[in-house]
Each structure stands twice: as structure tokens, then as C-alpha cells.
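Shown below: start-v4.tsv, with TSV, N, CA and C atoms and all ligand atoms.
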chain	number	residue	atom	x	y	z
A	1	MET	N	126.25	98.87	172.08
A	1	MET	CA	126.24	100.18	171.42
A	1	MET	C	125.51	100.09	170.09
A	2	ILE	N	124.63	101.02	169.86
A	2	ILE	CA	123.92	101.04	168.59
A	2	ILE	C	124.51	102.14	167.73
A	3	GLU	N	124.93	101.72	166.57
A	3	GLU	CA	125.58	102.65	165.66
A	3	GLU	C	124.54	103.43	164.86
A	4	LYS	N	124.72	104.73	164.82
A	4	LYS	CA	123.80	105.56	164.03
A	4	LYS	C	124.35	105.78	162.63
A	5	ILE	N	123.53	105.52	161.66
A	5	ILE	CA	123.94	105.72	160.28
A	5	ILE	C	123.04	106.78	159.67
A	6	PRO	N	123.65	107.79	159.06
A	6	PRO	CA	122.82	108.87	158.49
A	6	PRO	C	121.79	108.37	157.49
A	7	GLU	N	120.66	109.04	157.48
A	7	GLU	CA	119.53	108.63	156.66
A	7	GLU	C	119.91	108.37	155.20
A	8	ASP	N	120.75	109.25	154.66
A	8	ASP	CA	121.09	109.10	153.24
A	8	ASP	C	122.02	107.93	152.97
A	9	LYS	N	122.58	107.34	154.01
A	9	LYS	CA	123.44	106.18	153.80
A	9	LYS	C	122.74	104.87	154.11
A	10	GLN	N	121.51	104.98	154.55
A	10	GLN	CA	120.78	103.77	154.86
A	10	GLN	C	120.16	103.18	153.61
A	11	ILE	N	120.13	101.89	153.59
A	11	ILE	CA	119.42	101.23	152.51
A	11	ILE	C	118.24	100.51	153.12
A	12	LYS	N	117.05	100.89	152.69
A	12	LYS	CA	115.86	100.32	153.30
A	12	LYS	C	115.27	99.25	152.40
A	13	ILE	N	114.96	98.18	153.03
A	13	ILE	CA	114.52	97.02	152.27
A	13	ILE	C	113.07	97.21	151.81
A	14	ASP	N	112.33	98.09	152.47
A	14	ASP	CA	110.91	98.18	152.15
A	14	ASP	C	110.57	99.37	151.25
A	15	ASP	N	111.58	100.13	150.81
A	15	ASP	CA	111.21	101.20	149.90
A	15	ASP	C	111.62	100.84	148.48
A	16	GLU	N	111.35	101.73	147.58
A	16	GLU	CA	111.59	101.41	146.19
A	16	GLU	C	112.87	102.08	145.71
A	17	SER	N	113.89	102.04	146.55
A	17	SER	CA	115.09	102.82	146.26
A	17	SER	C	115.75	102.46	144.93
A	18	LEU	N	115.56	101.21	144.50
A	18	LEU	CA	116.14	100.82	143.21
A	18	LEU	C	115.55	101.65	142.07
A	19	ARG	N	114.34	102.06	142.26
A	19	ARG	CA	113.63	102.80	141.21
A	19	ARG	C	114.13	104.22	141.03
A	20	ILE	N	114.82	104.74	142.02
A	20	ILE	CA	115.26	106.12	141.88
A	20	ILE	C	116.62	106.24	141.22
A	21	ILE	N	117.23	105.10	140.90
A	21	ILE	CA	118.48	105.15	140.15
A	21	ILE	C	118.15	105.58	138.73
A	22	THR	N	118.81	106.60	138.27
A	22	THR	CA	118.53	107.07	136.92
A	22	THR	C	119.18	106.14	135.91
A	23	ASP	N	118.67	106.24	134.70
A	23	ASP	CA	119.22	105.49	133.57
A	23	ASP	C	120.72	105.70	133.47
A	24	GLU	N	121.09	106.95	133.62
A	24	GLU	CA	122.48	107.33	133.48
A	24	GLU	C	123.36	106.68	134.53
A	25	THR	N	122.89	106.71	135.76
A	25	THR	CA	123.64	106.10	136.85
A	25	THR	C	123.84	104.62	136.60
A	26	PHE	N	122.75	103.99	136.14
A	26	PHE	CA	122.78	102.58	135.87
A	26	PHE	C	123.80	102.26	134.79
A	27	LYS	N	123.79	103.04	133.73
A	27	LYS	CA	124.73	102.83	132.64
A	27	LYS	C	126.17	103.07	133.06
A	28	SER	N	126.40	104.14	133.79
A	28	SER	CA	127.78	104.43	134.17
A	28	SER	C	128.32	103.40	135.15
A	29	ALA	N	127.42	102.84	135.95
A	29	ALA	CA	127.84	101.77	136.85
A	29	ALA	C	128.27	100.54	136.06
A	30	GLN	N	127.54	100.28	134.99
A	30	GLN	CA	127.89	99.14	134.15
A	30	GLN	C	129.22	99.36	133.44
A	31	ILE	N	129.40	100.57	132.92
A	31	ILE	CA	130.65	100.91	132.24
A	31	ILE	C	131.82	100.80	133.21
A	32	GLU	N	131.60	101.32	134.39
A	32	GLU	CA	132.63	101.29	135.42
A	32	GLU	C	133.03	99.85	135.74
A	33	ARG	N	132.03	98.99	135.82
A	33	ARG	CA	132.28	97.60	136.17
A	33	ARG	C	133.04	96.87	135.06
A	34	GLU	N	132.66	97.19	133.83
A	34	GLU	CA	133.34	96.60	132.68
A	34	GLU	C	134.81	97.01	132.64
A	35	ALA	N	135.05	98.26	133.01
A	35	ALA	CA	136.38	98.83	132.89
A	35	ALA	C	137.33	98.33	133.98
A	36	ARG	N	136.77	97.84	135.03
A	36	ARG	CA	137.58	97.38	136.15
A	36	ARG	C	138.49	96.21	135.77
A	37	PRO	N	139.76	96.31	136.09
A	37	PRO	CA	140.64	95.19	135.73
A	37	PRO	C	140.27	93.91	136.48
A	38	LYS	N	140.24	92.83	135.75
A	38	LYS	CA	139.80	91.58	136.34
A	38	LYS	C	140.81	90.99	137.32
A	39	VAL	N	142.09	91.25	137.01
A	39	VAL	CA	143.15	90.70	137.85
A	39	VAL	C	143.04	91.18	139.30
A	40	LYS	N	142.61	92.42	139.44
A	40	LYS	CA	142.46	93.02	140.76
A	40	LYS	C	141.54	92.22	141.69
A	41	ASN	N	140.57	91.58	141.10
A	41	ASN	CA	139.58	90.88	141.89
A	41	ASN	C	139.96	89.43	142.24
A	42	MET	N	141.09	89.03	141.75
A	42	MET	CA	141.49	87.66	142.03
A	42	MET	C	142.15	87.56	143.40
A	43	VAL	N	141.55	86.82	144.25
A	43	VAL	CA	142.12	86.60	145.58
A	43	VAL	C	142.35	85.11	145.74
A	44	LYS	N	143.59	84.74	145.85
A	44	LYS	CA	143.95	83.33	146.02
A	44	LYS	C	143.24	82.43	145.00
A	45	GLY	N	143.22	82.87	143.78
A	45	GLY	CA	142.64	82.06	142.72
A	45	GLY	C	141.12	82.06	142.67
A	46	VAL	N	140.51	82.80	143.58
A	46	VAL	CA	139.05	82.87	143.56
A	46	VAL	C	138.64	84.24	143.06
A	47	ASP	N	137.80	84.27	142.09
A	47	ASP	CA	137.33	85.55	141.58
A	47	ASP	C	136.33	86.13	142.57
A	48	SER	N	136.76	87.10	143.31
A	48	SER	CA	135.94	87.61	144.42
A	48	SER	C	134.68	88.33	143.96
A	49	ARG	N	134.63	88.70	142.67
A	49	ARG	CA	133.41	89.35	142.20
A	49	ARG	C	132.20	88.44	142.33
A	50	PHE	N	132.46	87.14	142.28
A	50	PHE	CA	131.34	86.21	142.30
A	50	PHE	C	131.14	85.55	143.66
A	51	SER	N	131.89	86.01	144.62
A	51	SER	CA	131.70	85.47	145.95
A	51	SER	C	130.45	86.07	146.58
A	52	THR	N	129.65	85.25	147.20
A	52	THR	CA	128.47	85.77	147.87
A	52	THR	C	128.73	85.99	149.36
A	53	ALA	N	129.95	85.72	149.78
A	53	ALA	CA	130.24	85.83	151.20
A	53	ALA	C	129.95	87.23	151.72
A	54	HIS	N	129.13	87.31	152.72
A	54	HIS	CA	128.83	88.55	153.43
A	54	HIS	C	128.29	89.67	152.54
A	55	HIS	N	127.76	89.32	151.41
A	55	HIS	CA	127.21	90.32	150.51
A	55	HIS	C	126.25	91.27	151.21
A	56	PHE	N	125.43	90.73	152.08
A	56	PHE	CA	124.35	91.53	152.65
A	56	PHE	C	124.68	92.11	154.02
A	57	SER	N	125.80	91.69	154.57
A	57	SER	CA	126.12	92.10	155.94
A	57	SER	C	126.13	93.61	156.13
A	58	ASN	N	126.66	94.33	155.15
A	58	ASN	CA	126.75	95.77	155.31
A	58	ASN	C	125.56	96.52	154.73
A	59	LEU	N	124.69	95.79	154.10
A	59	LEU	CA	123.56	96.43	153.44
A	59	LEU	C	122.28	96.35	154.26
A	60	LEU	N	122.08	95.22	154.91
A	60	LEU	CA	120.80	94.98	155.53
A	60	LEU	C	120.80	95.40	156.99
A	61	LYS	N	119.69	96.01	157.36
A	61	LYS	CA	119.55	96.42	158.75
A	61	LYS	C	118.20	95.97	159.30
A	62	CYS	N	118.23	95.72	160.57
A	62	CYS	CA	117.02	95.34	161.29
A	62	CYS	C	116.22	96.60	161.62
A	63	GLN	N	114.94	96.43	161.98
A	63	GLN	CA	114.11	97.55	162.41
A	63	GLN	C	114.73	98.29	163.60
A	64	CYS	N	115.49	97.57	164.42
A	64	CYS	CA	116.08	98.18	165.61
A	64	CYS	C	117.29	99.03	165.27
A	65	GLY	N	117.75	98.97	164.03
A	65	GLY	CA	118.92	99.74	163.64
A	65	GLY	C	120.19	98.90	163.57
A	66	GLY	N	120.11	97.70	164.10
A	66	GLY	CA	121.29	96.83	164.09
A	66	GLY	C	121.56	96.26	162.71
A	67	ARG	N	122.79	95.93	162.48
A	67	ARG	CA	123.12	95.29	161.21
A	67	ARG	C	122.83	93.82	161.28
A	68	LEU	N	122.53	93.28	160.12
A	68	LEU	CA	122.36	91.83	160.07
A	68	LEU	C	123.73	91.20	159.92
A	69	ARG	N	123.88	90.08	160.55
A	69	ARG	CA	125.15	89.38	160.56
A	69	ARG	C	124.96	88.03	159.90
A	70	LYS	N	125.99	87.61	159.22
A	70	LYS	CA	125.87	86.34	158.51
A	70	LYS	C	126.22	85.15	159.39
A	71	LYS	N	125.45	84.11	159.19
A	71	LYS	CA	125.71	82.87	159.91
A	71	LYS	C	125.67	81.72	158.91
A	72	VAL	N	126.66	80.88	158.97
A	72	VAL	CA	126.68	79.72	158.07
A	72	VAL	C	126.50	78.47	158.91
A	73	GLN	N	125.53	77.69	158.52
A	73	GLN	CA	125.23	76.48	159.28
A	73	GLN	C	125.41	75.26	158.38
A	74	LYS	N	126.33	74.41	158.76
A	74	LYS	CA	126.58	73.24	157.93
A	74	LYS	C	125.95	71.99	158.54
A	75	THR	N	125.25	71.30	157.69
A	75	THR	CA	124.77	69.99	158.10
A	75	THR	C	125.50	68.99	157.22
A	76	SER	N	125.29	67.72	157.46
A	76	SER	CA	125.98	66.74	156.63
A	76	SER	C	125.54	66.80	155.18
A	77	ARG	N	124.32	67.28	154.97
A	77	ARG	CA	123.79	67.32	153.61
A	77	ARG	C	124.04	68.63	152.89
A	78	GLN	N	123.84	69.73	153.59
A	78	GLN	CA	123.98	71.02	152.91
A	78	GLN	C	124.43	72.12	153.86
A	79	THR	N	124.75	73.25	153.24
A	79	THR	CA	125.18	74.40	153.99
A	79	THR	C	124.12	75.49	153.89
A	80	HIS	N	123.69	76.00	155.02
A	80	HIS	CA	122.69	77.06	155.03
A	80	HIS	C	123.36	78.40	155.32
A	81	HIS	N	122.94	79.41	154.57
A	81	HIS	CA	123.46	80.75	154.81
A	81	HIS	C	122.32	81.63	155.32
A	82	TYR	N	122.51	82.15	156.50
A	82	TYR	CA	121.47	82.98	157.11
A	82	TYR	C	122.02	84.36	157.46
A	83	TYR	N	121.11	85.28	157.60
A	83	TYR	CA	121.44	86.57	158.20
A	83	TYR	C	120.47	86.79	159.35
A	84	TYR	N	120.95	87.40	160.40
A	84	TYR	CA	120.08	87.69	161.52
A	84	TYR	C	120.58	88.93	162.23
A	85	CYS	N	119.70	89.51	163.05
A	85	CYS	CA	120.05	90.77	163.72
A	85	CYS	C	121.12	90.55	164.78
A	86	ARG	N	122.17	91.32	164.63
A	86	ARG	CA	123.29	91.28	165.54
A	86	ARG	C	122.90	91.68	166.97
A	87	ASN	N	122.07	92.72	167.06
A	87	ASN	CA	121.65	93.19	168.39
A	87	ASN	C	120.83	92.14	169.13
A	88	HIS	N	119.97	91.47	168.37
A	88	HIS	CA	119.17	90.44	169.01
A	88	HIS	C	120.07	89.32	169.52
A	89	GLU	N	121.02	88.94	168.70
A	89	GLU	CA	121.93	87.87	169.06
A	89	GLU	C	122.78	88.23	170.29
A	90	LEU	N	123.27	89.45	170.33
A	90	LEU	CA	124.17	89.85	171.41
A	90	LEU	C	123.44	90.26	172.68
A	91	TYR	N	122.30	90.96	172.53
A	91	TYR	CA	121.66	91.54	173.71
A	91	TYR	C	120.26	91.03	173.98
A	92	GLY	N	119.73	90.25	173.05
A	92	GLY	CA	118.42	89.68	173.29
A	92	GLY	C	117.28	90.68	173.13
A	93	ASN	N	116.13	90.30	173.66
A	93	ASN	CA	114.89	91.06	173.46
A	93	ASN	C	114.90	92.47	174.02
A	94	GLU	N	115.76	92.75	174.98
A	94	GLU	CA	115.77	94.09	175.56
A	94	GLU	C	116.21	95.13	174.55
A	95	VAL	N	117.14	94.76	173.71
A	95	VAL	CA	117.64	95.71	172.71
A	95	VAL	C	116.90	95.55	171.39
A	96	CYS	N	116.62	94.31	171.05
A	96	CYS	CA	115.93	94.08	169.79
A	96	CYS	C	114.98	92.91	169.93
A	97	LYS	N	113.70	93.21	169.64
A	97	LYS	CA	112.73	92.13	169.78
A	97	LYS	C	112.48	91.40	168.46
A	98	TYR	N	113.17	91.86	167.42
A	98	TYR	CA	113.03	91.16	166.14
A	98	TYR	C	114.27	90.31	165.92
A	99	ARG	N	114.09	89.14	165.46
A	99	ARG	CA	115.25	88.32	165.18
A	99	ARG	C	115.68	88.52	163.73
A	100	ASN	N	114.67	88.73	162.89
A	100	ASN	CA	114.93	89.01	161.49
A	100	ASN	C	115.80	87.99	160.78
A	101	LEU	N	115.56	86.76	161.02
A	101	LEU	CA	116.33	85.73	160.34
A	101	LEU	C	115.95	85.68	158.86
A	102	GLN	N	116.94	85.80	158.03
A	102	GLN	CA	116.71	85.76	156.59
A	102	GLN	C	117.61	84.71	155.96
A	103	ARG	N	117.04	83.97	155.05
A	103	ARG	CA	117.87	83.02	154.31
A	103	ARG	C	118.51	83.74	153.13
A	104	GLU	N	119.78	83.47	152.91
A	104	GLU	CA	120.49	84.16	151.84
A	104	GLU	C	119.86	83.91	150.48
A	105	GLU	N	119.44	82.68	150.24
A	105	GLU	CA	118.87	82.41	148.92
A	105	GLU	C	117.57	83.17	148.69
A	106	GLU	N	116.82	83.40	149.76
A	106	GLU	CA	115.60	84.20	149.61
A	106	GLU	C	115.94	85.67	149.35
A	107	LEU	N	116.99	86.13	149.99
A	107	LEU	CA	117.43	87.50	149.75
A	107	LEU	C	117.89	87.66	148.29
A	108	LEU	N	118.61	86.66	147.81
A	108	LEU	CA	119.07	86.71	146.42
A	108	LEU	C	117.90	86.69	145.45
A	109	ASP	N	116.88	85.88	145.78
A	109	ASP	CA	115.67	85.85	144.96
A	109	ASP	C	115.01	87.23	144.94
A	110	TRP	N	114.96	87.83	146.12
A	110	TRP	CA	114.33	89.14	146.23
A	110	TRP	C	115.08	90.16	145.38
A	111	VAL	N	116.42	90.14	145.49
A	111	VAL	CA	117.24	91.08	144.73
A	111	VAL	C	117.04	90.85	143.23
A	112	SER	N	117.01	89.58	142.80
A	112	SER	CA	116.80	89.27	141.39
A	112	SER	C	115.47	89.82	140.91
A	113	GLU	N	114.45	89.64	141.74
A	113	GLU	CA	113.11	90.12	141.40
A	113	GLU	C	113.09	91.65	141.27
A	114	GLU	N	113.73	92.32	142.21
A	114	GLU	CA	113.80	93.78	142.16
A	114	GLU	C	114.53	94.24	140.91
A	115	LEU	N	115.60	93.54	140.56
A	115	LEU	CA	116.37	93.91	139.38
A	115	LEU	C	115.54	93.71	138.12
A	116	ARG	N	114.79	92.60	138.10
A	116	ARG	CA	113.94	92.34	136.94
A	116	ARG	C	112.91	93.45	136.77
A	117	GLU	N	112.30	93.84	137.88
A	117	GLU	CA	111.33	94.93	137.84
A	117	GLU	C	111.97	96.23	137.40
A	118	PHE	N	113.18	96.44	137.87
A	118	PHE	CA	113.91	97.65	137.52
A	118	PHE	C	114.21	97.69	136.02
A	119	VAL	N	114.65	96.56	135.49
A	119	VAL	CA	114.95	96.47	134.06
A	119	VAL	C	113.68	96.68	133.24
A	120	ASP	N	112.57	96.08	133.66
A	120	ASP	CA	111.28	96.30	133.01
A	120	ASP	C	110.93	97.79	133.03
A	121	TYR	N	111.12	98.36	134.18
A	121	TYR	CA	110.76	99.76	134.39
A	121	TYR	C	111.56	100.67	133.45
A	122	ILE	N	112.88	100.47	133.38
A	122	ILE	CA	113.67	101.38	132.54
A	122	ILE	C	113.46	101.10	131.06
A	123	SER	N	113.09	99.86	130.71
A	123	SER	CA	112.87	99.60	129.29
A	123	SER	C	111.53	100.15	128.80
A	124	ASN	N	110.62	100.43	129.73
A	124	ASN	CA	109.35	101.06	129.36
A	124	ASN	C	109.37	102.56	129.54
A	125	TYR	N	110.47	103.06	129.91
A	125	TYR	CA	110.60	104.46	130.29
A	125	TYR	C	110.52	105.39	129.09
B	1	ZN	ZN	117.35	94.03	165.56
Once more with this new file: its structure as C-alpha cells, please.
Amino acid sequence: MIEKIPEDKQIKIDDESLRIITDETFKSAQIEREARPKVKNMVKGVDSRFSTAHHFSNLLKCQCGGRLRKKVQKTSRQTHHYYYCRNHELYGNEVCKYRNLQREEELLDWVSEELREFVDYISNY
């Protein structure tokens, strides 16, 4: 089953959606975050605000409309965090011909870069 998500709730990786956030929205989001009680975010002694677990699972979508799913691969040396298309994994090429494998660290780099550009943009505004 392919889930339909309304256009206004989709986040597209290839558009400049970060740029349409107004100064005001950005500021109020920061204020809101500051105001949030820290105790609330503590889960079993781990501050969940800084957890990267599944950060992108609900945000990223494949061209086929499927959500990306997180996969953690452990080797003896290191742990790899990947995202890939759920539809491709479950149904193969008939439903989705893109695998869309993304490394989490590359996604984080991308997000950092976008944020940097956004900060540059609003400071020149
Ligand atoms: Zn897909």
C-alpha cells in the first residue's frame, strides 16, 4: 500500500523549502525550543533532543512516494547508518525502481549546509 500525503505536508529534498521560512518563524521556533523544559526530554538518562535515531525516517521520501526507512549496519569496526526506500525493500522494482540509499552522515552534512546557507541568507536580508 502506498500512503498518500497531502502536498502541503510533504517535504521535498530538491526544493528550497528552507528558504521560505520567515525570519519570524525562525525566531519563534528558537524561542519555543529554549522554553521547552529540559526534563521532559530525558528518556532513561539519555537526552533525546540529541539523539539522531530515525531523525529522517518521517521526513524523507523516495521519488515513488515511499518513506525512507532507517537501517543500521554494524561491522566490527564501525556502525553505519543508512536510509533506503521502504517500497523498494518490501516490493522490489515493480513498485519502486529507486533504491535511494542514503548515508545518514551525508544527510546530516546536507542539512548543515542548507542551514548555513539559510543563516547567510537571513543575515543578508
Ligand atoms: Zn521508492
Could you tell me, counting only C-alpha atoms and all ligand atoms, which protein and nucleic acid residues lie no more than 9 Å from ligand ZN 1 (chain B), written as a PDB file with N, CA and C atoms, in the frame of the given file?
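As written to disk, part.pdb reads:
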ATOM      1  N   LYS A  61     119.690  96.010 157.360  1.00  0.00           N
ATOM      2  CA  LYS A  61     119.550  96.420 158.750  1.00  0.00           C
ATOM      3  C   LYS A  61     118.200  95.970 159.300  1.00  0.00           C
ATOM      4  N   CYS A  62     118.230  95.720 160.570  1.00  0.00           N
ATOM      5  CA  CYS A  62     117.020  95.340 161.290  1.00  0.00           C
ATOM      6  C   CYS A  62     116.220  96.600 161.620  1.00  0.00           C
ATOM      7  N   GLN A  63     114.940  96.430 161.980  1.00  0.00           N
ATOM      8  CA  GLN A  63     114.110  97.550 162.410  1.00  0.00           C
ATOM      9  C   GLN A  63     114.730  98.290 163.600  1.00  0.00           C
ATOM     10  N   CYS A  64     115.490  97.570 164.420  1.00  0.00           N
ATOM     11  CA  CYS A  64     116.080  98.180 165.610  1.00  0.00           C
ATOM     12  C   CYS A  64     117.290  99.030 165.270  1.00  0.00           C
ATOM     13  N   GLY A  65     117.750  98.970 164.030  1.00  0.00           N
ATOM     14  CA  GLY A  65     118.920  99.740 163.640  1.00  0.00           C
ATOM     15  C   GLY A  65     120.190  98.900 163.570  1.00  0.00           C
ATOM     16  N   GLY A  66     120.110  97.700 164.100  1.00  0.00           N
ATOM     17  CA  GLY A  66     121.290  96.830 164.090  1.00  0.00           C
ATOM     18  C   GLY A  66     121.560  96.260 162.710  1.00  0.00           C
ATOM     19  N   ARG A  67     122.790  95.930 162.480  1.00  0.00           N
ATOM     20  CA  ARG A  67     123.120  95.290 161.210  1.00  0.00           C
ATOM     21  C   ARG A  67     122.830  93.820 161.280  1.00  0.00           C
ATOM     22  N   LEU A  68     122.530  93.280 160.120  1.00  0.00           N
ATOM     23  CA  LEU A  68     122.360  91.830 160.070  1.00  0.00           C
ATOM     24  C   LEU A  68     123.730  91.200 159.920  1.00  0.00           C
ATOM     25  N   TYR A  84     120.950  87.400 160.400  1.00  0.00           N
ATOM     26  CA  TYR A  84     120.080  87.690 161.520  1.00  0.00           C
ATOM     27  C   TYR A  84     120.580  88.930 162.230  1.00  0.00           C
ATOM     28  N   CYS A  85     119.700  89.510 163.050  1.00  0.00           N
ATOM     29  CA  CYS A  85     120.050  90.770 163.720  1.00  0.00           C
ATOM     30  C   CYS A  85     121.120  90.550 164.780  1.00  0.00           C
ATOM     31  N   ARG A  86     122.170  91.320 164.630  1.00  0.00           N
ATOM     32  CA  ARG A  86     123.290  91.280 165.540  1.00  0.00           C
ATOM     33  C   ARG A  86     122.900  91.680 166.970  1.00  0.00           C
ATOM     34  N   ASN A  87     122.070  92.720 167.060  1.00  0.00           N
ATOM     35  CA  ASN A  87     121.650  93.190 168.390  1.00  0.00           C
ATOM     36  C   ASN A  87     120.830  92.140 169.130  1.00  0.00           C
ATOM     37  N   HIS A  88     119.970  91.470 168.370  1.00  0.00           N
ATOM     38  CA  HIS A  88     119.170  90.440 169.010  1.00  0.00           C
ATOM     39  C   HIS A  88     120.070  89.320 169.520  1.00  0.00           C
ATOM     40  N   GLU A  89     121.020  88.940 168.700  1.00  0.00           N
ATOM     41  CA  GLU A  89     121.930  87.870 169.060  1.00  0.00           C
ATOM     42  C   GLU A  89     122.780  88.230 170.290  1.00  0.00           C
ATOM     43  N   GLY A  92     119.730  90.250 173.050  1.00  0.00           N
ATOM     44  CA  GLY A  92     118.420  89.680 173.290  1.00  0.00           C
ATOM     45  C   GLY A  92     117.280  90.680 173.130  1.00  0.00           C
ATOM     46  N   ASN A  93     116.130  90.300 173.660  1.00  0.00           N
ATOM     47  CA  ASN A  93     114.890  91.060 173.460  1.00  0.00           C
ATOM     48  C   ASN A  93     114.900  92.470 174.020  1.00  0.00           C
ATOM     49  N   VAL A  95     117.140  94.760 173.710  1.00  0.00           N
ATOM     50  CA  VAL A  95     117.640  95.710 172.710  1.00  0.00           C
ATOM     51  C   VAL A  95     116.900  95.550 171.390  1.00  0.00           C
ATOM     52  N   CYS A  96     116.620  94.310 171.050  1.00  0.00           N
ATOM     53  CA  CYS A  96     115.930  94.080 169.790  1.00  0.00           C
ATOM     54  C   CYS A  96     114.980  92.910 169.930  1.00  0.00           C
ATOM     55  N   LYS A  97     113.700  93.210 169.640  1.00  0.00           N
ATOM     56  CA  LYS A  97     112.730  92.130 169.780  1.00  0.00           C
ATOM     57  C   LYS A  97     112.480  91.400 168.460  1.00  0.00           C
ATOM     58  N   TYR A  98     113.170  91.860 167.420  1.00  0.00           N
ATOM     59  CA  TYR A  98     113.030  91.160 166.140  1.00  0.00           C
ATOM     60  C   TYR A  98     114.270  90.310 165.920  1.00  0.00           C
ATOM     61  N   ARG A  99     114.090  89.140 165.460  1.00  0.00           N
ATOM     62  CA  ARG A  99     115.250  88.320 165.180  1.00  0.00           C
ATOM     63  C   ARG A  99     115.680  88.520 163.730  1.00  0.00           C
ATOM     64  N   ASN A 100     114.670  88.730 162.890  1.00  0.00           N
ATOM     65  CA  ASN A 100     114.930  89.010 161.490  1.00  0.00           C
ATOM     66  C   ASN A 100     115.800  87.990 160.780  1.00  0.00           C
TER      67      ASN A 100
END
For atom C of Glu94 in chain A and CA of Asp8 in chain A, the interatomic separation in Å (one decimal):
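Between these atoms lies a distance of 25.9 Å.
You will find atom C of Glu113 in chain A at 17.5 Å from atom C of Thr25 in chain A.
Taking CA of Arg69 in chain A and CA of Phe56 in chain A as the two end points, the separation is 8.2 Å.
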